[in-house]
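Below you'll find the structure, written out as structure tokens, and then a few comments.
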Amino acid sequence: MSPAFNLLELAIRLGARLVGGDDAVVRGVRPLDEAGPSDLSFLHNARYLVQARESRAAAILLDDAELLPGRPVLVTPNPYRSLAAALELFYPVPQPPAGIHPSAVVDPSAVIHGSASIGPQAVVGAGCRIGAGSVIGAGSVLGSDAVLGDGCLLHPRVVVEDRCRVGDRCVLHAGVVIGSDGFGFATSDGIHHKVPQVGIVVLEDDVELGANVCVDRATLGETRIGRGTKVDNLVQIAHNVHIGEGTLLVAQVGISGSTRLGHHVIMAGQSGAAGHLTIGDGAIVGAKSAVIKDVPDGQFVTGYPAVPHREWLRASAGVRRLDRLGQRIALLEKRISELTAGTIGGGR
Amino acid sequence: MSPAFNLLELAIRLGARLVGGDDAVVRGVRPLDEAGPSDLSFLHNARYLVQARESRAAAILLDDAELLPGRPVLVTPNPYRSLAAALELFYPVPQPPAGIHPSAVVDPSAVIHGSASIGPQAVVGAGCRIGAGSVIGAGSVLGSDAVLGDGCLLHPRVVVEDRCRVGDRCVLHAGVVIGSDGFGFATSDGIHHKVPQVGIVVLEDDVELGANVCVDRATLGETRIGRGTKVDNLVQIAHNVHIGEGTLLVAQVGISGSTRLGHHVIMAGQSGAAGHLTIGDGAIVGAKSAVIKDVPDGQFVTGYPAVPHREWLRASAGVRRLDRLGQRIALLEKRISELTAGTIGGGR
Amino acid sequence: MSPAFNLLELAIRLGARLVGGDDAVVRGVRPLDEAGPSDLSFLHNARYLVQARESRAAAILLDDAELLPGRPVLVTPNPYRSLAAALELFYPVPQPPAGIHPSAVVDPSAVIHGSASIGPQAVVGAGCRIGAGSVIGAGSVLGSDAVLGDGCLLHPRVVVEDRCRVGDRCVLHAGVVIGSDGFGFATSDGIHHKVPQVGIVVLEDDVELGANVCVDRATLGETRIGRGTKVDNLVQIAHNVHIGEGTLLVAQVGISGSTRLGHHVIMAGQSGAAGHLTIGDGAIVGAKSAVIKDVPDGQFVTGYPAVPHREWLRASAGVRRLDRLGQRIALLEKRISELTAGTIGGGR
């Protein structure tokens with residue numbers, strides 16, 4: 001049976017202010033257009049205001065009661081954050097049972113906390129350590145001497161290769177590969193000789209990696225992802241990259257070898273960075289942009305190659321007005337011709 | 001033993017018209033440059049006309065007999081479609097045996113049709129339902145309460161996470177992940193708090209997803225892919241995206257959260273769309289383009305950011321002619337200088 | 001116990017010249033900033049010269065002793081290549097035991113060399129052949145009649161679908177998919193009918209594929225990757241693509257169907273090529289560039305669409321100077337106005 005709360009209880013639990021409303025009982029959270037009279041819904045993007053007005057939800061989470069006068073709302077400074085809390089309340093995540101599934105293959109030298117859960121068909125190599133409450137999804141593979149902290153969640157079919165280290169409370173989605181070899185070859189006479197990649201990958205605490213993300217091990221030393229950094233699906237992180245804390249990498253981003261990202265950087269979808277660069281704290285890289293030189297702290301860059309966003313906007317606007325430039329030049333040419341003719345005519 | 005047909009039989013089975021030809025027996029289908037006297041080949045792209053003339057094939061599928069006068073051809077209005085039919089004829093797909101492989105781990109509460117096939121090392125969670133004739137490839141993992149229709153083909157190592165629903169006759173290639181969490185975080189004080197992603201993914205009937213494609217579950221409600229939509233390898237589909245019917249997404253496309261694509265949209269390779277947009281029915285997005293605002297029905301957009309294709313062509317041509325613009329301006333400057341000098345000289 | 005060498009022994013084994021140095025014993029290889037007095041380090045990029053000067057390493061591999069006067073160095077014409085040799089020396093790769101892990105599922109008709117190693121939870125289909133010393137990682141799946149040469153290394157969770165062929169000494173990283181269906185559909189009346197993909201994938205010897213790379217099988221015939229070609233993570237190679245020898249594809253590259261790449265091509269990260277093109281021997285495609293027409297041998301192309309690099313540089317510089325062009329035109333307009341006024345005034 002799923003949980004139920006009346007609106008006042010809900011307001012208290014979410015630290016929100018109830019405006020309007022009655023004794024409706026809320027049993028779930030649904031989007032504005034699907035919510036019924038026993039659902040909570042939320043408004044965090046003004047473009048959905050009409051849907052919010054028409055929604056049948058028992059109440060709506062938002063940050064300004066004035067947006068929806070005359071209907072029950074729960075007002076909170078960060079509605080998206082309160083939505084997260086509401087979802088945790090109504091949809092507790094089922095925890096798989098502790099212990100090792102009989103179909104899993106676990107090396108006897110691995111040290112696994114008694115409260116951890118090793119799923120069906122998983123493989124845990126020699127010398128691994130897995131902390132309290134961590135969950136290893138079905139079919140996941142940990143190589144030798146991999147280390148996982150407490151409270152990690154590995155979805156199905158994750159690979160953590162030999163000696164890589166994952167902090168506490170990390171979430172790795174299905175298909176993640178940690179510790180593949182960096183792309184390092186020494187070319188002589190047209191032959192690409194493999195440079196052994198003997199470093200590791202370190203994920204600090206509270207890192208989340210999306211589905212099919214790849215993080216290469218360092219040639220030497222570490223590829224490191226800082227505490228609280230979140231990475232979307234299909235992102236590529238090359239060898240010896242270092243990423244600071246609280247950074248966000250949106251889907252399909254690619255970061256080349258040895259590049260360093262600071263804290264709270266945002267790289268939007270499909271953007272990329274060349275190797276051996278530094279992208280400073282709080283920098284923002286626009287979608288699909290290509291960073292080919294260092295980005296100072298706090299700078300917002302866009303484009304191909306990436307330049308400060310305002311420069312890019314101006315250049316883009318200029319390109320759109322190229323036709324107009326051409327027309328102005330043609331007009332000048334015509335007037336000069338006339339003028340020359342006139343001058344010549346008038347001058348003689 | 002593989003099937004064999006003489007050309008006339010083949011023409012009848014493919015609904016094609018035989019022009020020229022004899023009693024050759026065809027035993028397979030091969031590309032123009034590899035085909036021998038017992039092979040069928042095909043011509044569907046004019047750039048291969050020379051190869052077609054030189055081909056040793058018994059006959060060639062095409063849409064216009066005039067292209068290859070004097071040699072046996074099978075004429076059909078859609079040669080690529082007839083090629084598909086011929087390939088089905090000569091290369092029937094082997095069906096794995098029905099039943100559950102002894103190495104698979106299937107929860108006793110799962111309901112699996114007797115004609116379905118569950119491959120080695122597969123995992124089927126509690127409450128799953130799998131329809132008639134569906135095939136679950138080796139090492140694939142279905143979470144709890146996942147639902148698959150009839151006649152689906154899951155290649156090896158596919159993941160369908162909890163509660164996601166797959167229609168009839170869907171094909172999921174190796175490494176596909178359905179139902180990973182959407183990239184949703186509520187940031188306060190620099191900490192990215194996870195917003196639980198409690199929605200699902202729904203694939204309607206006849207959807208095909210390429211290798212290592214990722215489809216995130218909705219925050220709430222559904223991420224949905226419409227009937228007959230085909231998705232190429234390494235595509236990213238974010239939470240709450242809705243895609244219409246018969247749409248084509250080419251390799252490495254990325255679609256951000258809550259964006260809606262209509263029916264029969266085409267997004268070419270490596271293109272992307274920002275979030276909360278609408279891309280109308282029949283719209284086409286050029287390769288590598290970045291859609292950052294709504295695209296009306298039927299519009300062809302290209303570029304970064306994507307604009308109507310003709311605008312993009314004009315702007316690109318303009319950029320290529322920038323040198324010329326600069327030269328014209330320099331010439332004008334020179335003539336103005338001369339003129340000014342002349343005028344001044346002449347005027348006084 | 002790990003190996004140890006004094007500097008002179010090391011110089012001999014690496015074919016390097018020892019300049020300076022003493023009887024230090026080297027026990028490992030570490031980056032410049034982490035190396036201690038018993039570590040070898042290396043300098044292969046001038047931007048790390050300061051770090052090299054400050055490094056505590058016993059000796060540093062480089063190509064010019066003048067760069068670090070007065071400290072022990074090992075001089076070699078290709079320091080990166082010597083680094084590779086040193087890493088092999090100090091970090092020999094542990095070889096998993098020969099034989100078939102009891103949890104693996106191997107079809108009795110498969111022919112597996114006695115020295116090969118089949119990891120836990122792996123699946124080897126009917127008719128497969130696996131050569132001497134090859135290693136199949138945990139959870140990998142080989143379809144029916146797949147063929148692997150000698151000395152291959154398949155990391156965990158690789159998929160090689162039916163009938164695909166892998167040469168000797170190939171390395172396939174975790175999550176690689178070889179032999180997924182090409183993206184081929186014949187559309188009639190808005191329905192996309194699948195064109196069966198009955199060809200195969202052939203990897204020649206010494207090919208390396210990065211994590212989660214996808215290589216589609218040919219519609220007919222082969223998708224082929226030439227000897228010694230190296231492919232980085234998350235690359236997409238479509239059906240019927242042919243790639244020559246010694247080519248490098250950096251992360252997230254995408255190559256469309258039937259395109260041919262020559263020998264020793266380099267495609268930088270996130271670049272793409274349209275279908276049915278030819279990219280000549282030794283060509284270079286810049287990062288994120290989009291190739292939409294043939295590229296001659298040896299040409300370096302960049303941009304969207306890709307043009308010869310110098311043209312792209314000129315066009316990019318032109319776009320950055322657009323403001324200046326506009327200002328020059330405005331100035332001309334002003335002068336023409338003045339001139340016209342003056343001429344008119346002066347002429348009457």
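Convention: chains lettered A, B, ... in structure tokens order; per-chain residue numbering from 1; ligands numbered from 1 as shown.
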**Asked** Neighbours of Asp205 in chain B within 9 Å (only C-alpha atoms; same-chain residues fewer than 5 positions away dropped), as a PyMOL selection string?
**Response** chain B and resi 149+166-170+226-229
Just to be explicit: take each residue in the selection above, keep all heavy atoms, and write the result as a short mmCIF file (atom, residue, chain, number, x, y, z; two decimals), in the first residue's frame.
data_model
loop_
_atom_site.label_atom_id
_atom_site.label_comp_id
_atom_site.auth_asym_id
_atom_site.auth_seq_id
_atom_site.Cartn_x
_atom_site.Cartn_y
_atom_site.Cartn_z
N GLY B 149 5.79 -7.19 -25.04
CA GLY B 149 4.71 -7.75 -25.84
C GLY B 149 5.14 -9.03 -26.55
O GLY B 149 6.09 -9.70 -26.17
N VAL B 166 7.35 -2.51 -23.13
CA VAL B 166 7.78 -2.64 -24.52
C VAL B 166 6.64 -3.31 -25.28
O VAL B 166 6.14 -4.35 -24.85
CB VAL B 166 9.07 -3.48 -24.59
CG1 VAL B 166 9.48 -3.74 -26.03
CG2 VAL B 166 10.19 -2.80 -23.81
N GLY B 167 6.26 -2.70 -26.42
CA GLY B 167 5.13 -3.22 -27.19
C GLY B 167 5.46 -4.50 -27.94
O GLY B 167 6.42 -5.21 -27.62
N ASP B 168 4.67 -4.78 -28.97
CA ASP B 168 4.87 -5.99 -29.77
C ASP B 168 5.94 -5.73 -30.85
O ASP B 168 6.05 -4.63 -31.38
CB ASP B 168 3.58 -6.38 -30.48
CG ASP B 168 2.48 -6.81 -29.50
OD1 ASP B 168 2.83 -7.23 -28.36
OD2 ASP B 168 1.30 -6.71 -29.86
N ARG B 169 6.64 -6.80 -31.19
CA ARG B 169 7.58 -6.79 -32.33
C ARG B 169 8.66 -5.71 -32.22
O ARG B 169 9.13 -5.19 -33.24
CB ARG B 169 6.83 -6.64 -33.66
CG ARG B 169 5.87 -7.77 -33.99
CD ARG B 169 5.06 -7.46 -35.23
NE ARG B 169 4.33 -6.21 -35.11
CZ ARG B 169 3.17 -6.06 -34.47
NH1 ARG B 169 2.58 -7.11 -33.90
NH2 ARG B 169 2.60 -4.88 -34.39
N CYS B 170 9.04 -5.34 -31.03
CA CYS B 170 10.15 -4.39 -30.89
C CYS B 170 11.47 -5.14 -30.97
O CYS B 170 11.58 -6.30 -30.58
CB CYS B 170 10.06 -3.66 -29.55
SG CYS B 170 8.69 -2.48 -29.49
N GLY B 226 6.93 6.34 -30.14
CA GLY B 226 5.74 5.92 -30.88
C GLY B 226 5.96 4.75 -31.81
O GLY B 226 7.09 4.45 -32.23
N ARG B 227 4.87 4.17 -32.19
CA ARG B 227 4.82 2.98 -33.03
C ARG B 227 5.65 3.16 -34.31
O ARG B 227 5.55 4.16 -35.00
CB ARG B 227 3.35 2.78 -33.40
CG ARG B 227 3.08 1.59 -34.23
CD ARG B 227 1.62 1.62 -34.72
NE ARG B 227 1.33 0.39 -35.41
CZ ARG B 227 0.68 -0.65 -34.89
NH1 ARG B 227 0.22 -0.57 -33.65
NH2 ARG B 227 0.49 -1.75 -35.59
N GLY B 228 6.47 2.15 -34.57
CA GLY B 228 7.22 2.13 -35.83
C GLY B 228 8.39 3.09 -35.90
O GLY B 228 9.00 3.25 -36.95
N THR B 229 8.72 3.73 -34.79
CA THR B 229 9.89 4.62 -34.79
C THR B 229 11.16 3.79 -34.69
O THR B 229 11.21 2.79 -33.97
CB THR B 229 9.76 5.62 -33.62
OG1 THR B 229 8.81 6.62 -34.00
CG2 THR B 229 11.10 6.31 -33.31
#
**Request:** Go through range 121-281 of chain C and collect every residue that DSSP, computed from the backbone, puts in strand (DSSP E); the answer should be as a count of residues only.
**Result:** 61
**Message:** Quick one: residues within 8 Å of Gln252 in chain C, only C-alpha atoms, excluding same-chain residues fewer than 6 positions away - as number ranges by chain?
**Reply:** A: 236, 254; C: 232-236, 269-271
**Request:** Please determine the contact residues of chain B with respect to chain C at a cut-off of 6 Å, counting only C-alpha atoms, and supply them as a list in words.
**Result:**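 Taken together, these residues fit the definition: Arg30, Tyr80, Arg81 and Ala84 of chain B.
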**Request:** Considering only C-alpha atoms, state which residue in the set B:Arg17, B:Arg71, B:His155, B:Arg217 is at the smallest distance from Pro96 in chain B.
**Result:**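 Counting only C-alpha atoms, the residue closest to Pro96 in chain B is B:His155.
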**Message:** What parts of range 61-182 of chain C does DSSP call helix (DSSP H, G or I)? I'd like the answer as a list in words.
**Reply:**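 Here are the helix (DSSP H, G or I) residues of range 61-182 of chain C: Ala65, Glu66, Leu67, Pro79, Tyr80, Arg81, Ser82, Leu83, Ala84, Ala85, Ala86, Leu87, Glu88, Leu89 and Phe90 of chain C.
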Residue subset to file, keeping all heavy atoms, as a JSON list (two decimals), in the first residue's frame:
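Written output follows (result_24.json):
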[["chain", "number", "residue", "atom", "x", "y", "z"],
["C", 65, "ALA", "N", 68.14, 15.92, -24.03],
["C", 65, "ALA", "CA", 68.71, 16.09, -22.70],
["C", 65, "ALA", "C", 68.85, 17.56, -22.32],
["C", 65, "ALA", "O", 68.85, 17.93, -21.15],
["C", 65, "ALA", "CB", 70.07, 15.41, -22.61],
["C", 66, "GLU", "N", 68.92, 18.44, -23.33],
["C", 66, "GLU", "CA", 69.09, 19.88, -23.06],
["C", 66, "GLU", "C", 67.90, 20.46, -22.31],
["C", 66, "GLU", "O", 68.00, 21.52, -21.69],
["C", 66, "GLU", "CB", 69.27, 20.64, -24.38],
["C", 66, "GLU", "CG", 70.42, 20.16, -25.23],
["C", 66, "GLU", "CD", 71.75, 20.33, -24.51],
["C", 66, "GLU", "OE1", 72.01, 21.44, -24.01],
["C", 66, "GLU", "OE2", 72.51, 19.33, -24.43],
["C", 67, "LEU", "N", 66.77, 19.81, -22.42],
["C", 67, "LEU", "CA", 65.57, 20.35, -21.76],
["C", 67, "LEU", "C", 65.70, 20.36, -20.25],
["C", 67, "LEU", "O", 65.10, 21.19, -19.57],
["C", 67, "LEU", "CB", 64.33, 19.53, -22.16],
["C", 67, "LEU", "CG", 63.87, 19.68, -23.61],
["C", 67, "LEU", "CD1", 62.80, 18.64, -23.94],
["C", 67, "LEU", "CD2", 63.30, 21.09, -23.83],
["C", 79, "PRO", "N", 60.01, 9.26, -26.74],
["C", 79, "PRO", "CA", 59.83, 8.99, -25.31],
["C", 79, "PRO", "C", 58.50, 8.31, -24.98],
["C", 79, "PRO", "O", 58.41, 7.51, -24.04],
["C", 79, "PRO", "CB", 59.87, 10.39, -24.67],
["C", 79, "PRO", "CG", 60.38, 11.32, -25.71],
["C", 79, "PRO", "CD", 60.15, 10.69, -27.03],
["C", 80, "TYR", "N", 57.47, 8.62, -25.77],
["C", 80, "TYR", "CA", 56.17, 8.03, -25.49],
["C", 80, "TYR", "C", 56.22, 6.51, -25.76],
["C", 80, "TYR", "O", 55.68, 5.71, -25.00],
["C", 80, "TYR", "CB", 55.12, 8.71, -26.36],
["C", 80, "TYR", "CG", 53.70, 8.60, -25.85],
["C", 80, "TYR", "CD1", 53.37, 8.81, -24.52],
["C", 80, "TYR", "CD2", 52.65, 8.29, -26.73],
["C", 80, "TYR", "CE1", 52.06, 8.71, -24.08],
["C", 80, "TYR", "CE2", 51.35, 8.20, -26.31],
["C", 80, "TYR", "CZ", 51.05, 8.40, -24.98],
["C", 80, "TYR", "OH", 49.74, 8.30, -24.55],
["C", 81, "ARG", "N", 56.94, 6.16, -26.83],
["C", 81, "ARG", "CA", 57.12, 4.74, -27.16],
["C", 81, "ARG", "C", 57.95, 4.06, -26.07],
["C", 81, "ARG", "O", 57.67, 2.93, -25.67],
["C", 81, "ARG", "CB", 57.84, 4.65, -28.52],
["C", 81, "ARG", "CG", 58.18, 3.26, -29.01],
["C", 81, "ARG", "CD", 57.10, 2.72, -29.91],
["C", 81, "ARG", "NE", 57.46, 1.39, -30.39],
["C", 81, "ARG", "CZ", 57.27, 0.28, -29.69],
["C", 81, "ARG", "NH1", 56.72, 0.33, -28.49],
["C", 81, "ARG", "NH2", 57.60, -0.88, -30.21],
["C", 82, "SER", "N", 58.98, 4.75, -25.56],
["C", 82, "SER", "CA", 59.79, 4.16, -24.50],
["C", 82, "SER", "C", 59.01, 4.06, -23.21],
["C", 82, "SER", "O", 59.20, 3.13, -22.42],
["C", 82, "SER", "CB", 61.05, 5.02, -24.29],
["C", 82, "SER", "OG", 61.77, 5.10, -25.49],
["C", 83, "LEU", "N", 58.13, 5.03, -23.00],
["C", 83, "LEU", "CA", 57.24, 4.94, -21.84],
["C", 83, "LEU", "C", 56.42, 3.65, -21.91],
["C", 83, "LEU", "O", 56.27, 2.92, -20.92],
["C", 83, "LEU", "CB", 56.30, 6.14, -21.80],
["C", 83, "LEU", "CG", 55.18, 6.07, -20.75],
["C", 83, "LEU", "CD1", 55.73, 6.10, -19.34],
["C", 83, "LEU", "CD2", 54.17, 7.20, -20.95],
["C", 84, "ALA", "N", 55.90, 3.37, -23.11],
["C", 84, "ALA", "CA", 55.12, 2.14, -23.28],
["C", 84, "ALA", "C", 55.96, 0.92, -22.88],
["C", 84, "ALA", "O", 55.50, 0.04, -22.15],
["C", 84, "ALA", "CB", 54.65, 2.01, -24.73],
["C", 85, "ALA", "N", 57.21, 0.91, -23.36],
["C", 85, "ALA", "CA", 58.09, -0.22, -23.03],
["C", 85, "ALA", "C", 58.34, -0.30, -21.52],
["C", 85, "ALA", "O", 58.33, -1.40, -20.93],
["C", 85, "ALA", "CB", 59.41, -0.08, -23.79],
["C", 86, "ALA", "N", 58.54, 0.86, -20.90],
["C", 86, "ALA", "CA", 58.80, 0.87, -19.46],
["C", 86, "ALA", "C", 57.59, 0.37, -18.68],
["C", 86, "ALA", "O", 57.71, -0.37, -17.70],
["C", 86, "ALA", "CB", 59.18, 2.29, -19.01],
["C", 87, "LEU", "N", 56.41, 0.77, -19.14],
["C", 87, "LEU", "CA", 55.19, 0.33, -18.44],
["C", 87, "LEU", "C", 55.01, -1.18, -18.56],
["C", 87, "LEU", "O", 54.59, -1.85, -17.61],
["C", 87, "LEU", "CB", 53.98, 1.08, -18.99],
["C", 87, "LEU", "CG", 53.96, 2.57, -18.65],
["C", 87, "LEU", "CD1", 52.85, 3.28, -19.44],
["C", 87, "LEU", "CD2", 53.77, 2.79, -17.16],
["C", 88, "GLU", "N", 55.34, -1.71, -19.74],
["C", 88, "GLU", "CA", 55.26, -3.17, -19.89],
["C", 88, "GLU", "C", 56.23, -3.87, -18.95],
["C", 88, "GLU", "O", 55.94, -4.95, -18.42],
["C", 88, "GLU", "CB", 55.54, -3.57, -21.35],
["C", 88, "GLU", "CG", 54.36, -3.25, -22.27],
["C", 88, "GLU", "CD", 54.73, -3.31, -23.74],
["C", 88, "GLU", "OE1", 55.84, -3.75, -24.06],
["C", 88, "GLU", "OE2", 53.90, -2.91, -24.57],
["C", 89, "LEU", "N", 57.38, -3.23, -18.76],
["C", 89, "LEU", "CA", 58.41, -3.80, -17.91],
["C", 89, "LEU", "C", 57.97, -3.83, -16.44],
["C", 89, "LEU", "O", 58.10, -4.85, -15.74],
["C", 89, "LEU", "CB", 59.65, -2.90, -18.03],
["C", 89, "LEU", "CG", 61.03, -3.50, -17.99],
["C", 89, "LEU", "CD1", 61.20, -4.59, -19.02],
["C", 89, "LEU", "CD2", 62.06, -2.38, -18.26],
["C", 90, "PHE", "N", 57.44, -2.71, -15.98],
["C", 90, "PHE", "CA", 57.13, -2.59, -14.56],
["C", 90, "PHE", "C", 55.74, -3.12, -14.20],
["C", 90, "PHE", "O", 55.47, -3.45, -13.06],
["C", 90, "PHE", "CB", 57.24, -1.13, -14.11],
["C", 90, "PHE", "CG", 58.65, -0.65, -13.99],
["C", 90, "PHE", "CD1", 59.25, 0.13, -14.96],
["C", 90, "PHE", "CD2", 59.42, -1.03, -12.88],
["C", 90, "PHE", "CE1", 60.56, 0.56, -14.84],
["C", 90, "PHE", "CE2", 60.74, -0.60, -12.74],
["C", 90, "PHE", "CZ", 61.31, 0.19, -13.73]]
